[in-house]
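J.: Could you have a look at this structure, given as structure tokens, before my questions?
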Amino acid sequence: MATTHLRNKLHLHRAEIKRLLLLGLLALLLPTAAMAQRKAQSRANRGKNGTIKSITVQNLPGYDDRWFHPGMYISGSASRFVIEQSSAYISSQYVTANSIYSPSLGVGFIGDARLGGPRSPFIFRFAPGINFLTRKVEFTPRNYPVPDSIVTQEVTSTVVQFPLLIKYQSDRRRNARMYMIAGISPSITASNRRSDPLRNQLQALNSDLTLEYGVGLDLFYPLFKLAPELRFSHGLKNLLVGHNDVFSNSLQYMSTNSVTLYINIQN
């Protein structure tokens, strides 16, 4: 039986055979690469019998390639004064002071700039905003713990804040990642609301500097990134404004303290 020579029958040269083999190899590799790309951006969750229950798609896959991300935030906080009473009033006078937490509301803008390459975990954040603060201190005559004898002093103000923060973020796991954030926040009081002369005798300075630190969670959606963040703030300045009244004279130190929940939205 004669041997069949396919090369002679098809009149193919050696270069043409190599070209066909290369095209065939590419035809095999392209679907594999496309499948790997699709698998990197999505993940199928299967049940016990192998059926697909759900598919997790990676949202905003090129988010970290951009070096700058604008956004905005809204915040709700619980704020109070950290106070120290005057030694003279502790020993000889009749008024004791107690600072209590009060709710506050804030809004502002976010500017995130990456420090380093696309895989750098460090982000510089500038987030100017306006915060509507109310802080209260209760003054009670000593030895007269009657509820009607408590006098509440309120410091209600509109504060413009300029936080300068460094954000350290973890590696992204599909559509979420954790981060830590810390920095300082200078602030200026734009206005003080003193509607009641009896309740607004206690006064604070019009500028402050606070230490900020907290944690947050980046959640990636198809059109934007949502990040709930819990941040703690501690004042570094004595805000007490001395006047010749029983309330300011009973104190020697007064700084701000707050716990704030931020809802950050960026694209």
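Residues in the structure tokens are numbered from 1 in each chain, the chains being A, B, ... in the order shown, and ligands are numbered from 1 in the order shown.
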Find the residues near segment 216-232 of chain A: any atom within 12 Å, counting only C-alpha atoms, skip ones fewer than 3 places away on the same chain, and give them as JSON, numbers by chain.

T.: {"A": [56, 57, 58, 59, 60, 61, 62, 63, 64, 69, 70, 71, 72, 73, 74, 75, 76, 77, 78, 79, 110, 163, 165, 167, 168, 169, 170, 171, 172, 173, 174, 175, 176, 177, 178, 179, 180, 181, 182, 183, 184, 185, 210, 211, 212, 213, 235, 256, 257, 258, 259, 260, 261, 262, 263, 264, 265, 266, 267]}

J.: Put those residues in a file: C-alpha atoms, as a PDB file, in the first residue's frame.

T.:
ATOM      1  CA  THR A  56     -20.326  38.962  40.970  1.00  0.00           C
ATOM      2  CA  VAL A  57     -19.118  41.513  38.407  1.00  0.00           C
ATOM      3  CA  GLN A  58     -16.221  43.848  39.194  1.00  0.00           C
ATOM      4  CA  ASN A  59     -17.556  47.402  39.035  1.00  0.00           C
ATOM      5  CA  LEU A  60     -15.388  50.348  37.912  1.00  0.00           C
ATOM      6  CA  PRO A  61     -12.449  48.074  36.929  1.00  0.00           C
ATOM      7  CA  GLY A  62     -10.210  51.011  35.915  1.00  0.00           C
ATOM      8  CA  TYR A  63     -10.933  53.158  38.970  1.00  0.00           C
ATOM      9  CA  ASP A  64      -7.414  53.014  40.423  1.00  0.00           C
ATOM     10  CA  HIS A  69     -11.038  61.394  42.192  1.00  0.00           C
ATOM     11  CA  PRO A  70     -13.513  64.171  43.093  1.00  0.00           C
ATOM     12  CA  GLY A  71     -16.604  63.663  45.204  1.00  0.00           C
ATOM     13  CA  MET A  72     -18.809  64.945  47.967  1.00  0.00           C
ATOM     14  CA  TYR A  73     -19.925  63.902  51.444  1.00  0.00           C
ATOM     15  CA  ILE A  74     -22.620  64.339  54.032  1.00  0.00           C
ATOM     16  CA  SER A  75     -21.958  63.733  57.709  1.00  0.00           C
ATOM     17  CA  GLY A  76     -23.725  63.355  61.005  1.00  0.00           C
ATOM     18  CA  SER A  77     -21.839  63.694  64.266  1.00  0.00           C
ATOM     19  CA  ALA A  78     -22.127  63.746  68.015  1.00  0.00           C
ATOM     20  CA  SER A  79     -20.075  66.642  69.390  1.00  0.00           C
ATOM     21  CA  ILE A 110     -13.745  65.590  48.432  1.00  0.00           C
ATOM     22  CA  PRO A 163      -9.233  68.650  56.603  1.00  0.00           C
ATOM     23  CA  LEU A 165      -5.788  63.736  55.505  1.00  0.00           C
ATOM     24  CA  LYS A 167      -5.695  57.607  53.476  1.00  0.00           C
ATOM     25  CA  TYR A 168      -4.118  54.134  53.573  1.00  0.00           C
ATOM     26  CA  GLN A 169      -6.188  51.568  51.693  1.00  0.00           C
ATOM     27  CA  SER A 170      -6.019  47.787  51.457  1.00  0.00           C
ATOM     28  CA  ASP A 171      -6.009  45.766  48.249  1.00  0.00           C
ATOM     29  CA  ARG A 172      -9.344  45.680  46.487  1.00  0.00           C
ATOM     30  CA  ARG A 173     -11.311  42.444  46.774  1.00  0.00           C
ATOM     31  CA  ARG A 174     -13.822  42.548  43.913  1.00  0.00           C
ATOM     32  CA  ASN A 175     -16.121  45.463  44.884  1.00  0.00           C
ATOM     33  CA  ALA A 176     -14.917  46.366  48.376  1.00  0.00           C
ATOM     34  CA  ARG A 177     -11.843  47.350  50.348  1.00  0.00           C
ATOM     35  CA  MET A 178     -11.055  48.707  53.800  1.00  0.00           C
ATOM     36  CA  TYR A 179      -9.036  51.814  54.598  1.00  0.00           C
ATOM     37  CA  MET A 180      -7.659  53.886  57.468  1.00  0.00           C
ATOM     38  CA  ILE A 181      -7.473  57.669  57.443  1.00  0.00           C
ATOM     39  CA  ALA A 182      -5.764  60.277  59.647  1.00  0.00           C
ATOM     40  CA  GLY A 183      -4.642  63.896  59.601  1.00  0.00           C
ATOM     41  CA  ILE A 184      -5.398  67.373  60.910  1.00  0.00           C
ATOM     42  CA  SER A 185      -8.301  69.737  60.303  1.00  0.00           C
ATOM     43  CA  THR A 210      -8.280  69.092  65.485  1.00  0.00           C
ATOM     44  CA  LEU A 211      -6.605  65.705  65.167  1.00  0.00           C
ATOM     45  CA  GLU A 212      -8.637  63.333  62.958  1.00  0.00           C
ATOM     46  CA  TYR A 213      -8.447  59.552  62.555  1.00  0.00           C
ATOM     47  CA  GLY A 235      -9.312  69.400  69.543  1.00  0.00           C
ATOM     48  CA  THR A 256     -13.818  70.081  71.100  1.00  0.00           C
ATOM     49  CA  ASN A 257     -14.438  66.358  70.677  1.00  0.00           C
ATOM     50  CA  SER A 258     -16.651  64.533  68.179  1.00  0.00           C
ATOM     51  CA  VAL A 259     -17.530  61.190  66.614  1.00  0.00           C
ATOM     52  CA  THR A 260     -18.671  61.524  62.989  1.00  0.00           C
ATOM     53  CA  LEU A 261     -20.199  59.199  60.410  1.00  0.00           C
ATOM     54  CA  TYR A 262     -19.334  60.267  56.846  1.00  0.00           C
ATOM     55  CA  ILE A 263     -21.071  59.081  53.696  1.00  0.00           C
ATOM     56  CA  ASN A 264     -18.613  59.718  50.856  1.00  0.00           C
ATOM     57  CA  ILE A 265     -19.632  59.524  47.182  1.00  0.00           C
ATOM     58  CA  GLN A 266     -16.977  59.622  44.432  1.00  0.00           C
ATOM     59  CA  ASN A 267     -16.651  58.788  40.745  1.00  0.00           C
TER      60      ASN A 267
END

J.: Name the closest residue to Glu154 of chain A among the candidates A:Ser86, A:Ser187, A:Ser99, A:Ser120; distances are taken between atoms, counting only C-alpha atoms.

T.: A:Ser99

J.: Tell me, which residues of segment 62-260 of chain A carry DSSP alpha helix (DSSP H), written as number ranges by chain?

T.: A: 87-91, 246-249

J.: So what do you get for atom CA of Asn244 of chain A versus atom CA of Arg80 of chain A, distance-wise?

T.: 23.0 Å

J.: Skip Arg199 of chain A itself and residues of its chain fewer than 3 positions away, then list as a PDB file with C-alpha atoms, in the first residue's frame all residues within 9 Å of it, counting only C-alpha atoms.

T.:
ATOM      1  CA  VAL A 151     -28.571  75.841  83.556  1.00  0.00           C
ATOM      2  CA  THR A 152     -27.587  74.683  80.043  1.00  0.00           C
ATOM      3  CA  GLN A 153     -25.196  76.796  78.014  1.00  0.00           C
ATOM      4  CA  GLU A 154     -25.115  76.246  74.230  1.00  0.00           C
ATOM      5  CA  VAL A 155     -22.400  77.180  71.738  1.00  0.00           C
ATOM      6  CA  ARG A 194     -26.711  83.510  69.975  1.00  0.00           C
ATOM      7  CA  SER A 195     -30.481  83.749  69.983  1.00  0.00           C
ATOM      8  CA  ASP A 196     -30.948  83.419  73.748  1.00  0.00           C
ATOM      9  CA  LEU A 202     -20.497  80.675  77.266  1.00  0.00           C
TER      10      LEU A 202
END

J.: Can you work out the spacing between atom CA of Ala204 of chain A and atom CA of Ile166 of chain A in Å, to one decimal?

T.: 28.6 Å

J.: Based on the backbone DSSP call, show me all residues of segment 48-215 of chain A assigned strand (DSSP E), as a ChimeraX atom specification.

T.: /A:52-57,68-85,95-100,102-114,122-126,129-141,151-161,164-169,176-192,207-215

J.: Let me make sure I understand: among A:Val137, A:Leu205, A:Val160, A:Ile150, which one has the smallest atom-to-atom distance to Phe109 of chain A if we use only C-alpha atoms?

T.: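 Using only C-alpha atoms, the shortest distance to Phe109 of chain A belongs to A:Val160.
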